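S.K.: Take a look at this one; I'll ask things after.
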Amino acid sequence: ALFSSRQLYLTALLCVLAMPAITSVDSAVVLDDYPQARKMFSSSLKEKDYLLALGSYKKVAGVWRIDHQERITGDVERYTFELPADVSAKAGFDHYVKQLNTKGANTLFTCGGRDCGTSNSWANNHFKILQLYGLDQYQYYGAFVIPREATTYVAVYAVKRGNNRVHVQVDLVRSTKNLDASDQSAVAQVFNEINEKGFYSIVAPSDMEVAVLS
């Protein structure tokens with residue numbers, strides 16, 4: 001059987017969510033704000049359902065819809081920033097991605113520019129923050145997972161508006177379903193091999209390898 005990388009991502013995510021919680025102390029993921037950025041909005045909610053986008057917005061039957069997303073339950077923190085003048089949306093996006101990489105995050109999905117769909121859809125339909133409505137060609141989105149003892153999912157969206165202001169949205173979801181050390185390693189291995197090779201091989205019960213294609 002052949003599976004797309006997105007199907008494998010879904011499978012790995014479902015495995016993560018099915019894991020029983022462990023009793024270790026929650027090690028919170030902390031990201032540094034962009035230097036001199038202005039925090040416009042912030043919120044913190046306990047045990048909240050969050051829709052993590054794992055695809056871009058596409059027009060289906062005349063309606064813009066996200067082509068893939070997963071519902072995560074956990075503690076949600078949301079931050080909306082305005083970056084200093086002359087800082088690009090790409091620079092703002094990269095600021096957070098670099099931090100996530102140093103924390104061992106695995107990339108679930110990224111897009112840039114018009115490949116993400118319409119900024120209006122991201123701003124008003126997905127994040128529901130009007131100030132994130134900007135220019136389609138200057139937008140960047142990424143979804144990431146940090147498979148620690150307390151699994152954290154992170155969504156980052158950066159966009160340049162028509163008035164040249166750049167806004168960044170950072171959402172962190174600390175899942176109530178956690179991983180132990182061996183599970184963290186297994187999930188990380190799957191994501192890393194897909195990102196490096198474009199596929200992941202699964203040994204079937206018959207000892208025959210089944211290639212998972214990207």
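To be explicit about the labels: the chains of the structure tokens are called A, B, and onward in the order shown, and within each one the residues are counted from 1, while ligands get numbers from 1 in the order they are shown.
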Excluding Gln99 of chain A and its own-chain neighbours fewer than 3 positions away, which residues fall within 12 Å of it when counting only C-alpha atoms? Please give them as number ranges by chain.

M.R.: A: 29-34, 92-96, 102-106, 144, 146, 154, 156

S.K.: Could those selected residues go to a file with N, CA and C atoms, as a short mmCIF file (atom, residue, chain, number, x, y, z; two decimals), in the first residue's frame?

M.R.:
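The result, stored in result08.cif:
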data_model
loop_
_atom_site.label_atom_id
_atom_site.label_comp_id
_atom_site.auth_asym_id
_atom_site.auth_seq_id
_atom_site.Cartn_x
_atom_site.Cartn_y
_atom_site.Cartn_z
N VAL A 29 7.24 25.16 26.49
CA VAL A 29 8.03 25.70 25.39
C VAL A 29 7.87 27.22 25.39
N VAL A 30 8.98 27.93 25.45
CA VAL A 30 8.96 29.39 25.47
C VAL A 30 9.68 29.91 24.24
N LEU A 31 9.02 30.80 23.50
CA LEU A 31 9.62 31.41 22.31
C LEU A 31 9.85 32.89 22.57
N ASP A 32 11.00 33.40 22.16
CA ASP A 32 11.32 34.81 22.33
C ASP A 32 10.56 35.64 21.30
N ASP A 33 10.01 36.77 21.74
CA ASP A 33 9.35 37.69 20.81
C ASP A 33 10.37 38.27 19.83
N TYR A 34 9.87 38.70 18.67
CA TYR A 34 10.76 39.41 17.76
C TYR A 34 11.20 40.70 18.44
N GLY A 92 10.14 37.82 9.98
CA GLY A 92 9.39 37.54 11.20
C GLY A 92 9.07 36.06 11.33
N PHE A 93 8.67 35.45 10.23
CA PHE A 93 8.37 34.02 10.23
C PHE A 93 9.62 33.22 10.57
N ASP A 94 10.74 33.55 9.92
CA ASP A 94 11.98 32.81 10.14
C ASP A 94 12.47 32.94 11.58
N HIS A 95 12.21 34.06 12.22
CA HIS A 95 12.62 34.28 13.61
C HIS A 95 12.07 33.18 14.51
N TYR A 96 10.81 32.82 14.30
CA TYR A 96 10.18 31.80 15.14
C TYR A 96 10.55 30.39 14.69
N THR A 102 15.73 24.87 16.93
CA THR A 102 16.69 24.64 18.01
C THR A 102 16.06 23.87 19.17
N LYS A 103 14.75 23.87 19.26
CA LYS A 103 14.04 23.15 20.31
C LYS A 103 13.62 21.75 19.88
N GLY A 104 14.11 21.32 18.71
CA GLY A 104 13.83 19.98 18.24
C GLY A 104 12.47 19.80 17.61
N ALA A 105 11.88 20.87 17.09
CA ALA A 105 10.56 20.78 16.47
C ALA A 105 10.62 20.04 15.14
N ASN A 106 9.56 19.33 14.83
CA ASN A 106 9.38 18.69 13.53
C ASN A 106 8.35 19.49 12.74
N PHE A 144 4.06 23.05 13.43
CA PHE A 144 5.19 22.31 13.97
C PHE A 144 4.76 21.52 15.21
N ILE A 146 6.59 19.68 18.76
CA ILE A 146 7.76 19.41 19.59
C ILE A 146 7.40 18.22 20.47
N VAL A 154 2.74 24.04 17.47
CA VAL A 154 2.92 25.48 17.26
C VAL A 154 2.49 25.84 15.84
N VAL A 156 2.50 29.17 13.24
CA VAL A 156 3.06 30.51 13.03
C VAL A 156 2.55 31.04 11.69
#

S.K.: Write out as number ranges by chain all residues of segment 33-187 of chain A that DSSP puts in strand (DSSP E) for this structure's backbone.

M.R.: A: 38-53, 57-60, 63-66, 69-82, 106-112, 139-146, 152-160, 166-175

S.K.: Using C-alpha atoms, can you write the selected residues to a file as a PDB file, in the first residue's frame?

M.R.:
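Wrote again_31.pdb, looks like this:
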ATOM      1  CA  ARG A  38       4.487  45.217  19.723  1.00  0.00           C
ATOM      2  CA  LYS A  39       2.182  42.655  21.291  1.00  0.00           C
ATOM      3  CA  MET A  40      -1.314  43.472  20.041  1.00  0.00           C
ATOM      4  CA  PHE A  41      -3.345  40.611  21.503  1.00  0.00           C
ATOM      5  CA  SER A  42      -2.786  37.609  23.715  1.00  0.00           C
ATOM      6  CA  SER A  43      -5.001  34.961  25.264  1.00  0.00           C
ATOM      7  CA  SER A  44      -4.651  31.788  27.313  1.00  0.00           C
ATOM      8  CA  LEU A  45      -7.264  29.034  27.525  1.00  0.00           C
ATOM      9  CA  LYS A  46      -7.237  25.736  29.408  1.00  0.00           C
ATOM     10  CA  GLU A  47      -8.436  22.451  27.857  1.00  0.00           C
ATOM     11  CA  LYS A  48      -9.459  24.070  24.597  1.00  0.00           C
ATOM     12  CA  ASP A  49     -10.106  22.399  21.241  1.00  0.00           C
ATOM     13  CA  TYR A  50      -7.814  23.865  18.582  1.00  0.00           C
ATOM     14  CA  LEU A  51      -7.852  23.277  14.835  1.00  0.00           C
ATOM     15  CA  LEU A  52      -4.284  22.894  13.617  1.00  0.00           C
ATOM     16  CA  ALA A  53      -4.014  23.626   9.904  1.00  0.00           C
ATOM     17  CA  TYR A  57      -6.612  27.109   1.680  1.00  0.00           C
ATOM     18  CA  LYS A  58      -8.060  25.948  -1.633  1.00  0.00           C
ATOM     19  CA  LYS A  59     -11.216  26.943  -3.455  1.00  0.00           C
ATOM     20  CA  VAL A  60     -13.727  24.085  -3.519  1.00  0.00           C
ATOM     21  CA  VAL A  63     -15.696  28.300  -1.196  1.00  0.00           C
ATOM     22  CA  TRP A  64     -12.199  28.649   0.260  1.00  0.00           C
ATOM     23  CA  ARG A  65     -11.500  25.682   2.532  1.00  0.00           C
ATOM     24  CA  ILE A  66      -8.410  24.394   4.276  1.00  0.00           C
ATOM     25  CA  GLN A  69      -6.492  20.092   9.603  1.00  0.00           C
ATOM     26  CA  GLU A  70      -6.468  18.248  12.907  1.00  0.00           C
ATOM     27  CA  ARG A  71      -8.320  18.944  16.141  1.00  0.00           C
ATOM     28  CA  ILE A  72      -5.969  19.121  19.128  1.00  0.00           C
ATOM     29  CA  THR A  73      -7.138  19.390  22.746  1.00  0.00           C
ATOM     30  CA  GLY A  74      -4.906  21.180  25.216  1.00  0.00           C
ATOM     31  CA  ASP A  75      -3.891  24.446  26.819  1.00  0.00           C
ATOM     32  CA  VAL A  76      -3.828  27.137  24.134  1.00  0.00           C
ATOM     33  CA  GLU A  77      -1.772  30.327  24.152  1.00  0.00           C
ATOM     34  CA  ARG A  78      -2.230  32.835  21.325  1.00  0.00           C
ATOM     35  CA  TYR A  79      -0.159  35.922  20.525  1.00  0.00           C
ATOM     36  CA  THR A  80      -0.531  38.563  17.822  1.00  0.00           C
ATOM     37  CA  PHE A  81       2.421  40.875  17.128  1.00  0.00           C
ATOM     38  CA  GLU A  82       3.146  43.896  14.984  1.00  0.00           C
ATOM     39  CA  ASN A 106       9.375  18.687  13.530  1.00  0.00           C
ATOM     40  CA  THR A 107       7.762  20.487  10.606  1.00  0.00           C
ATOM     41  CA  LEU A 108       4.259  19.246   9.829  1.00  0.00           C
ATOM     42  CA  PHE A 109       3.422  21.727   7.077  1.00  0.00           C
ATOM     43  CA  THR A 110       4.656  25.018   5.636  1.00  0.00           C
ATOM     44  CA  CYS A 111       3.601  27.273   2.777  1.00  0.00           C
ATOM     45  CA  GLY A 112       4.470  30.690   1.456  1.00  0.00           C
ATOM     46  CA  GLN A 139       2.266  35.523   3.747  1.00  0.00           C
ATOM     47  CA  TYR A 140       3.899  32.515   5.402  1.00  0.00           C
ATOM     48  CA  TYR A 141       2.432  29.723   7.509  1.00  0.00           C
ATOM     49  CA  GLY A 142       3.935  26.796   9.360  1.00  0.00           C
ATOM     50  CA  ALA A 143       2.708  24.041  11.683  1.00  0.00           C
ATOM     51  CA  PHE A 144       5.192  22.309  13.968  1.00  0.00           C
ATOM     52  CA  VAL A 145       5.268  19.713  16.735  1.00  0.00           C
ATOM     53  CA  ILE A 146       7.759  19.410  19.590  1.00  0.00           C
ATOM     54  CA  THR A 152       3.502  21.091  22.046  1.00  0.00           C
ATOM     55  CA  TYR A 153       2.040  22.072  18.688  1.00  0.00           C
ATOM     56  CA  VAL A 154       2.916  25.478  17.260  1.00  0.00           C
ATOM     57  CA  ALA A 155       1.296  27.437  14.431  1.00  0.00           C
ATOM     58  CA  VAL A 156       3.058  30.512  13.028  1.00  0.00           C
ATOM     59  CA  TYR A 157       1.535  32.878  10.479  1.00  0.00           C
ATOM     60  CA  ALA A 158       3.229  36.045   9.215  1.00  0.00           C
ATOM     61  CA  VAL A 159       1.810  38.514   6.717  1.00  0.00           C
ATOM     62  CA  LYS A 160       2.468  41.943   5.257  1.00  0.00           C
ATOM     63  CA  VAL A 166       3.770  43.191   9.243  1.00  0.00           C
ATOM     64  CA  HIS A 167       1.850  41.074  11.717  1.00  0.00           C
ATOM     65  CA  VAL A 168       2.736  37.674  13.138  1.00  0.00           C
ATOM     66  CA  GLN A 169       0.423  35.181  14.830  1.00  0.00           C
ATOM     67  CA  VAL A 170       1.913  32.556  17.143  1.00  0.00           C
ATOM     68  CA  ASP A 171      -0.344  29.859  18.619  1.00  0.00           C
ATOM     69  CA  LEU A 172       0.970  27.242  21.044  1.00  0.00           C
ATOM     70  CA  VAL A 173      -1.072  24.197  22.049  1.00  0.00           C
ATOM     71  CA  ARG A 174       0.246  22.043  24.883  1.00  0.00           C
ATOM     72  CA  SER A 175      -1.567  18.781  24.372  1.00  0.00           C
TER      73      SER A 175
END

S.K.: I'd like to know which residues of segment 95-153 of chain A are alpha helix (DSSP H) (by DSSP, run on the backbone); could you write them as a PDB file with C-alpha atoms, in the first residue's frame?

M.R.:
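What landed in part.pdb:
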ATOM      1  CA  HIS A  95      12.622  34.278  13.613  1.00  0.00           C
ATOM      2  CA  TYR A  96      10.181  31.801  15.144  1.00  0.00           C
ATOM      3  CA  VAL A  97      11.022  28.863  12.871  1.00  0.00           C
ATOM      4  CA  LYS A  98      14.704  29.073  13.820  1.00  0.00           C
ATOM      5  CA  GLN A  99      13.791  28.940  17.509  1.00  0.00           C
ATOM      6  CA  LEU A 100      11.542  25.962  16.933  1.00  0.00           C
ATOM      7  CA  ASN A 101      14.321  24.149  15.088  1.00  0.00           C
ATOM      8  CA  THR A 102      16.693  24.641  18.014  1.00  0.00           C
ATOM      9  CA  SER A 119      -4.828  35.794   3.438  1.00  0.00           C
ATOM     10  CA  ASN A 120      -8.470  36.707   3.967  1.00  0.00           C
TER      11      ASN A 120
END

S.K.: Record the distance separating atom CA of Asn163 of chain A and atom CA of Gln137 of chain A, expressed in Å with one decimal.

M.R.: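 According to the coordinates, atom CA of Asn163 of chain A and atom CA of Gln137 of chain A are separated by 14.3 Å.
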
S.K.: Atom CA of Ser56 of chain A to atom CA of Pro35 of chain A: how many Å, to one decimal?

M.R.: 28.6 Å
